[in-house]
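Peer 1: One file is attached below, target.cif, containing mmCIF, C-alpha atoms.
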```cif
data_upload
#
loop_
_atom_site.group_PDB
_atom_site.id
_atom_site.type_symbol
_atom_site.label_atom_id
_atom_site.label_comp_id
_atom_site.auth_asym_id
_atom_site.auth_seq_id
_atom_site.Cartn_x
_atom_site.Cartn_y
_atom_site.Cartn_z
ATOM 1 C CA MET A 1 14.604 -16.680 27.798
ATOM 2 C CA GLY A 2 12.588 -19.874 28.199
ATOM 3 C CA SER A 3 14.058 -20.323 31.663
ATOM 4 C CA LYS A 4 12.709 -16.972 32.924
ATOM 5 C CA LYS A 5 9.233 -17.812 31.580
ATOM 6 C CA SER A 6 9.434 -21.235 33.226
ATOM 7 C CA ASN A 7 10.496 -19.725 36.578
ATOM 8 C CA THR A 8 7.633 -17.224 36.409
ATOM 9 C CA GLN A 9 5.183 -20.054 35.766
ATOM 10 C CA LEU A 10 6.648 -22.021 38.671
ATOM 11 C CA ASN A 11 6.472 -19.001 40.997
ATOM 12 C CA ASP A 12 2.848 -18.419 40.055
ATOM 13 C CA PHE A 13 2.000 -22.094 40.463
ATOM 14 C CA PHE A 14 3.561 -22.382 43.947
ATOM 15 C CA ARG A 15 1.950 -19.128 45.085
ATOM 16 C CA GLU A 16 -1.532 -20.111 43.856
ATOM 17 C CA GLU A 17 -1.435 -23.798 44.763
ATOM 18 C CA TYR A 18 0.544 -23.800 48.023
ATOM 19 C CA ASN A 19 -2.408 -24.750 50.238
ATOM 20 C CA SER A 20 -3.527 -27.427 47.781
ATOM 21 C CA LEU A 21 -0.013 -28.851 47.741
ATOM 22 C CA LYS A 22 0.033 -28.966 51.561
ATOM 23 C CA GLY A 23 -3.302 -30.782 51.523
ATOM 24 C CA TYR A 24 -1.958 -33.250 48.971
ATOM 25 C CA VAL A 25 1.125 -34.013 51.094
ATOM 26 C CA ARG A 26 -0.926 -34.385 54.277
ATOM 27 C CA SER A 27 -3.324 -36.754 52.486
ATOM 28 C CA LYS A 28 -0.453 -39.009 51.455
ATOM 29 C CA ILE A 29 1.412 -39.211 54.765
ATOM 30 C CA GLU A 30 -0.499 -40.293 57.858
ATOM 31 C CA HIS A 31 0.181 -38.406 61.090
ATOM 32 C CA THR A 32 2.189 -35.657 59.414
ATOM 33 C CA SER A 33 2.441 -32.267 61.004
ATOM 34 C CA GLU A 34 1.869 -28.980 59.233
ATOM 35 C CA SER A 35 5.603 -28.316 59.274
ATOM 36 C CA ASP A 36 6.393 -31.711 57.682
ATOM 37 C CA ALA A 37 4.138 -30.926 54.720
ATOM 38 C CA GLU A 38 5.658 -27.481 54.327
ATOM 39 C CA ASP A 39 9.174 -28.916 54.552
ATOM 40 C CA ILE A 40 8.444 -31.368 51.743
ATOM 41 C CA ILE A 41 6.964 -28.654 49.524
ATOM 42 C CA GLN A 42 9.846 -26.283 50.197
ATOM 43 C CA ASP A 43 12.396 -29.002 49.529
ATOM 44 C CA VAL A 44 10.748 -29.806 46.194
ATOM 45 C CA ALA A 45 10.505 -26.114 45.290
ATOM 46 C CA LEU A 46 14.188 -25.601 46.096
ATOM 47 C CA ARG A 47 15.176 -28.539 43.931
ATOM 48 C CA ILE A 48 12.992 -27.378 41.044
ATOM 49 C CA PHE A 49 14.222 -23.778 41.191
ATOM 50 C CA SER A 50 17.827 -25.014 41.454
ATOM 51 C CA ARG A 51 17.606 -26.846 38.145
ATOM 52 C CA PRO A 52 20.363 -26.027 35.679
ATOM 53 C CA ILE A 53 19.544 -23.391 33.076
ATOM 54 C CA ASP A 54 20.068 -25.889 30.259
ATOM 55 C CA ALA A 55 17.607 -28.432 31.740
ATOM 56 C CA LEU A 56 14.662 -29.465 29.628
ATOM 57 C CA PRO A 57 11.781 -26.974 29.834
ATOM 58 C CA ILE A 58 8.743 -27.859 31.926
ATOM 59 C CA HIS A 59 5.649 -28.022 29.740
ATOM 60 C CA ASN A 60 3.092 -29.120 32.338
ATOM 61 C CA VAL A 61 4.008 -27.240 35.526
ATOM 62 C CA GLY A 62 1.230 -28.752 37.661
ATOM 63 C CA GLY A 63 1.980 -32.320 36.623
ATOM 64 C CA PHE A 64 5.707 -31.795 37.062
ATOM 65 C CA VAL A 65 5.369 -30.325 40.579
ATOM 66 C CA TYR A 66 2.867 -32.913 41.821
ATOM 67 C CA ASN A 67 5.038 -35.727 40.433
ATOM 68 C CA ALA A 68 8.117 -34.252 42.146
ATOM 69 C CA ILE A 69 6.200 -33.985 45.434
ATOM 70 C CA LYS A 70 4.955 -37.569 45.094
ATOM 71 C CA ASN A 71 8.543 -38.750 44.605
ATOM 72 C CA ARG A 72 9.735 -36.741 47.623
ATOM 73 C CA ILE A 73 6.950 -38.231 49.754
ATOM 74 C CA ILE A 74 8.095 -41.707 48.758
ATOM 75 C CA ASP A 75 11.652 -40.790 49.790
ATOM 76 C CA VAL A 76 10.442 -39.476 53.154
ATOM 77 C CA ILE A 77 8.335 -42.555 53.824
ATOM 78 C CA ARG A 78 11.289 -44.819 53.077
ATOM 79 C CA VAL A 79 13.481 -43.194 55.711
ATOM 80 C CA LYS A 80 10.910 -42.326 58.385
ATOM 81 C CA LYS A 81 10.765 -44.590 61.373
ATOM 82 C CA GLU A 82 7.659 -46.691 61.542
ATOM 83 C CA ARG A 83 4.925 -44.905 63.470
ATOM 84 C CA ILE A 84 3.248 -46.609 66.373
ATOM 85 C CA SER A 85 -0.242 -47.716 65.419
ATOM 86 C CA ASN A 86 -1.032 -50.131 68.217
ATOM 87 C CA GLU A 87 -3.427 -48.389 70.661
ATOM 88 C CA LYS A 88 -1.963 -50.238 73.657
ATOM 89 C CA ALA A 89 1.547 -49.128 72.744
ATOM 90 C CA ILE A 90 0.371 -45.536 72.357
ATOM 91 C CA GLU A 91 -1.370 -45.655 75.726
ATOM 92 C CA ASP A 92 1.794 -47.081 77.309
ATOM 93 C CA LEU A 93 3.767 -44.204 75.839
ATOM 94 C CA TRP A 94 1.314 -41.693 77.322
ATOM 95 C CA THR A 95 1.643 -43.367 80.721
ATOM 96 C CA GLU A 96 5.422 -43.381 80.428
ATOM 97 C CA PHE A 97 5.450 -39.725 79.400
ATOM 98 C CA THR A 98 3.122 -38.817 82.256
ATOM 99 C CA GLU A 99 5.499 -40.575 84.657
ATOM 100 C CA LEU A 100 8.449 -38.739 83.139
ATOM 101 C CA PHE A 101 6.638 -35.431 83.234
ATOM 102 C CA TYR A 102 5.434 -35.733 86.815
ATOM 103 C CA GLY A 103 8.618 -37.380 88.056
ATOM 104 C CA GLY A 104 7.099 -40.536 89.458
ATOM 105 C CA ILE A 105 6.919 -44.190 88.681
ATOM 106 C CA SER A 106 3.309 -44.959 89.253
ATOM 107 C CA ASN A 107 0.583 -46.481 87.177
ATOM 108 C CA GLU A 108 -1.946 -44.660 89.307
ATOM 109 C CA TYR A 109 -2.146 -41.536 87.156
ATOM 110 C CA SER A 110 -5.750 -40.710 86.520
ATOM 111 C CA GLU A 111 -7.207 -40.779 83.066
ATOM 112 C CA GLN A 112 -8.138 -37.115 83.543
ATOM 113 C CA LEU A 113 -4.484 -36.282 84.177
ATOM 114 C CA LYS A 114 -3.501 -38.012 80.937
ATOM 115 C CA VAL A 115 -6.275 -36.205 79.067
ATOM 116 C CA ASN A 116 -5.138 -32.868 80.510
ATOM 117 C CA LEU A 117 -1.562 -33.626 79.446
ATOM 118 C CA LYS A 118 -2.646 -34.624 75.925
ATOM 119 C CA ASN A 119 -4.695 -31.443 75.570
ATOM 120 C CA ALA A 120 -1.851 -29.297 76.877
ATOM 121 C CA ILE A 121 0.541 -30.848 74.340
ATOM 122 C CA GLN A 122 -1.950 -30.265 71.518
ATOM 123 C CA ASP A 123 -2.237 -26.600 72.570
ATOM 124 C CA LEU A 124 1.511 -26.018 72.299
ATOM 125 C CA LYS A 125 2.964 -24.067 69.399
ATOM 126 C CA PRO A 126 3.908 -26.473 66.573
ATOM 127 C CA LEU A 127 7.667 -26.136 67.124
ATOM 128 C CA TYR A 128 7.250 -27.151 70.789
ATOM 129 C CA ARG A 129 4.647 -29.839 70.123
ATOM 130 C CA ASP A 130 6.718 -31.374 67.318
ATOM 131 C CA ILE A 131 9.846 -31.740 69.464
ATOM 132 C CA ILE A 132 7.891 -33.386 72.310
ATOM 133 C CA LEU A 133 6.234 -35.824 69.909
ATOM 134 C CA ALA A 134 9.446 -36.582 68.013
ATOM 135 C CA VAL A 135 11.626 -37.224 71.074
ATOM 136 C CA ASP A 136 9.200 -38.653 73.611
ATOM 137 C CA PHE A 137 6.746 -40.548 71.421
ATOM 138 C CA GLU A 138 8.465 -41.354 68.140
ATOM 139 C CA GLY A 139 11.847 -42.142 69.659
ATOM 140 C CA TYR A 140 13.966 -39.823 67.526
ATOM 141 C CA SER A 141 17.256 -38.651 68.959
ATOM 142 C CA TYR A 142 18.253 -35.002 68.915
ATOM 143 C CA LYS A 143 20.996 -35.925 66.457
ATOM 144 C CA GLU A 144 18.518 -37.534 64.029
ATOM 145 C CA ILE A 145 16.170 -34.554 64.212
ATOM 146 C CA SER A 146 19.083 -32.164 63.759
ATOM 147 C CA GLU A 147 20.322 -34.012 60.673
ATOM 148 C CA GLU A 148 16.815 -34.055 59.173
ATOM 149 C CA THR A 149 15.900 -30.431 59.925
ATOM 150 C CA GLY A 150 19.248 -28.645 60.002
ATOM 151 C CA ILE A 151 18.397 -27.239 63.457
ATOM 152 C CA SER A 152 21.230 -27.566 65.981
ATOM 153 C CA GLN A 153 20.910 -30.183 68.721
ATOM 154 C CA GLY A 154 21.273 -27.464 71.359
ATOM 155 C CA THR A 155 18.335 -25.526 69.912
ATOM 156 C CA LEU A 156 16.238 -28.700 69.838
ATOM 157 C CA MET A 157 17.090 -29.451 73.474
ATOM 158 C CA SER A 158 16.212 -25.871 74.445
ATOM 159 C CA ARG A 159 12.876 -26.143 72.630
ATOM 160 C CA ARG A 160 12.032 -29.375 74.412
ATOM 161 C CA HIS A 161 13.024 -27.891 77.772
ATOM 162 C CA ARG A 162 10.895 -24.809 77.053
ATOM 163 C CA ALA A 163 7.979 -27.023 75.967
ATOM 164 C CA MET A 164 8.179 -29.020 79.187
ATOM 165 C CA SER A 165 8.235 -25.794 81.202
ATOM 166 C CA ILE A 166 5.155 -24.485 79.367
ATOM 167 C CA LEU A 167 3.359 -27.792 79.930
ATOM 168 C CA LEU A 168 4.167 -27.743 83.630
ATOM 169 C CA LYS A 169 2.835 -24.188 84.022
ATOM 170 C CA LYS A 170 -0.338 -24.959 82.061
ATOM 171 C CA LEU A 171 -1.058 -28.069 84.092
ATOM 172 C CA GLU A 172 -0.293 -26.378 87.419
ATOM 173 C CA ILE A 173 -2.762 -23.630 86.535
ATOM 174 C CA LYS A 174 -5.364 -26.184 85.468
ATOM 175 C CA ASN A 175 -4.876 -28.265 88.637
ATOM 176 C CA ASN A 176 -5.136 -25.175 90.849
ATOM 177 C CA LYS A 177 -8.460 -24.253 89.225
ATOM 178 C CA THR A 178 -10.001 -27.666 89.910
#
```
Represent the structure contained in this file as structure tokens.
Peer 2:
Amino acid sequence: MGSKKSNTQLNDFFREEYNSLKGYVRSKIEHTSESDAEDIIQDVALRIFSRPIDALPIHNVGGFVYNAIKNRIIDVIRVKKERISNEKAIEDLWTEFTELFYGGISNEYSEQLKVNLKNAIQDLKPLYRDIILAVDFEGYSYKEISEETGISQGTLMSRRHRAMSILLKKLEIKNNKT
């Protein structure tokens, strides 16, 4: 009987505090995407709701959940690849991506072109933006992303291909207007 009451309290807590929990996760991990925060919360929720029936009851639901999320964040930080913080390295990546995207090997891409590309990437749907950033800027392989997310490598490749196609169309339209 105590387990049903505990699950009801947990359900209510997650429903009422979901946005606060996302904010908490995003405040603890720099450069996290919306989907990363949601993944962490959902992973913690799954683990909490999967607890054995005979587990000790949870007396302080809020404290228990926030502590579990903090521990999961620590786990994620331990395994995440180090993010690039050096501005020069980031700028080099943008130049490299611009070269890849436009199919040339030239350092003569205008700053406006890079800005347009950055804006176009930011305007993508999160699932497209995340795959571009993960593969082209953070250096993750499709296999690593697949193992972390459970999404097949083929689906990830299709998403990246679709994202590149959307970017190309957006930038062609923008260039034709100017």
Peer 1: As an exercise, work out the distance from CA of Gln112 (chain A) to CA of Leu127 (chain A) in Å and give it to one decimal place.
Peer 2: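 One can read the CA of Gln112 (chain A) to CA of Leu127 (chain A) distance as 25.3 Å.
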Peer 1: Run through the PyMOL selection byres ((chain A and resi 132) around 12) on the given coordinates and return the selected residues as a ChimeraX atom specification.
Peer 2: /A:94,97,101,117-118,120-122,124-131,133-142,145,156-167
Peer 1: In Å, rounded to a single decimal, give me how far CA of Arg15 (chain A) is from CA of Asp123 (chain A).
Peer 2: 28.8 Å
Peer 1: I would like the residues chosen by the PyMOL selection byres ((chain A and resi 41) around 12) on the shown file; could you give them as a short mmCIF file (atom, residue, chain, number, x, y, z; two decimals) with C-alpha atoms, keeping the file's coordinate frame?
Peer 2:
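Result file follows (selection20.cif):
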```cif
data_model
loop_
_atom_site.label_atom_id
_atom_site.label_comp_id
_atom_site.auth_asym_id
_atom_site.auth_seq_id
_atom_site.Cartn_x
_atom_site.Cartn_y
_atom_site.Cartn_z
CA PHE A 14 3.56 -22.38 43.95
CA ARG A 15 1.95 -19.13 45.08
CA GLU A 17 -1.44 -23.80 44.76
CA TYR A 18 0.54 -23.80 48.02
CA ASN A 19 -2.41 -24.75 50.24
CA SER A 20 -3.53 -27.43 47.78
CA LEU A 21 -0.01 -28.85 47.74
CA LYS A 22 0.03 -28.97 51.56
CA GLY A 23 -3.30 -30.78 51.52
CA TYR A 24 -1.96 -33.25 48.97
CA VAL A 25 1.12 -34.01 51.09
CA ARG A 26 -0.93 -34.38 54.28
CA GLU A 34 1.87 -28.98 59.23
CA SER A 35 5.60 -28.32 59.27
CA ASP A 36 6.39 -31.71 57.68
CA ALA A 37 4.14 -30.93 54.72
CA GLU A 38 5.66 -27.48 54.33
CA ASP A 39 9.17 -28.92 54.55
CA ILE A 40 8.44 -31.37 51.74
CA GLN A 42 9.85 -26.28 50.20
CA ASP A 43 12.40 -29.00 49.53
CA VAL A 44 10.75 -29.81 46.19
CA ALA A 45 10.50 -26.11 45.29
CA LEU A 46 14.19 -25.60 46.10
CA ARG A 47 15.18 -28.54 43.93
CA ILE A 48 12.99 -27.38 41.04
CA VAL A 65 5.37 -30.32 40.58
CA TYR A 66 2.87 -32.91 41.82
CA ASN A 67 5.04 -35.73 40.43
CA ALA A 68 8.12 -34.25 42.15
CA ILE A 69 6.20 -33.98 45.43
CA LYS A 70 4.96 -37.57 45.09
CA ASN A 71 8.54 -38.75 44.60
CA ARG A 72 9.74 -36.74 47.62
CA ILE A 73 6.95 -38.23 49.75
CA VAL A 76 10.44 -39.48 53.15
#
```
Peer 1: Have a look at CA of Ile29 (chain A) and CA of Phe64 (chain A) and let me know their distance in Å, one decimal.
Peer 2: 19.7 Å
Peer 1: Report the residues retrieved by the PyMOL selection byres ((chain A and resi 61) around 9) from the displayed file, expressed as JSON, numbers by chain.
Peer 2: {"A": [6, 9, 10, 13, 58, 59, 60, 62, 63, 64, 65, 66]}
Peer 1: When distances are computed from all atoms listed in the file, which of A:Lys170, A:Asn11, A:Ala55, A:Ser50 shows the smallest separation from Asn116 (chain A)?
Peer 2: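 Nearest candidate to Asn116 (chain A) out of A:Lys170, A:Asn11, A:Ala55, A:Ser50: A:Lys170.
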Peer 1: Smallest atom-to-atom distance to Ile53 (chain A): which of A:Asn119, A:Thr155, A:Thr149, A:Asn7, using all atoms listed in the file?
Peer 2: A:Asn7
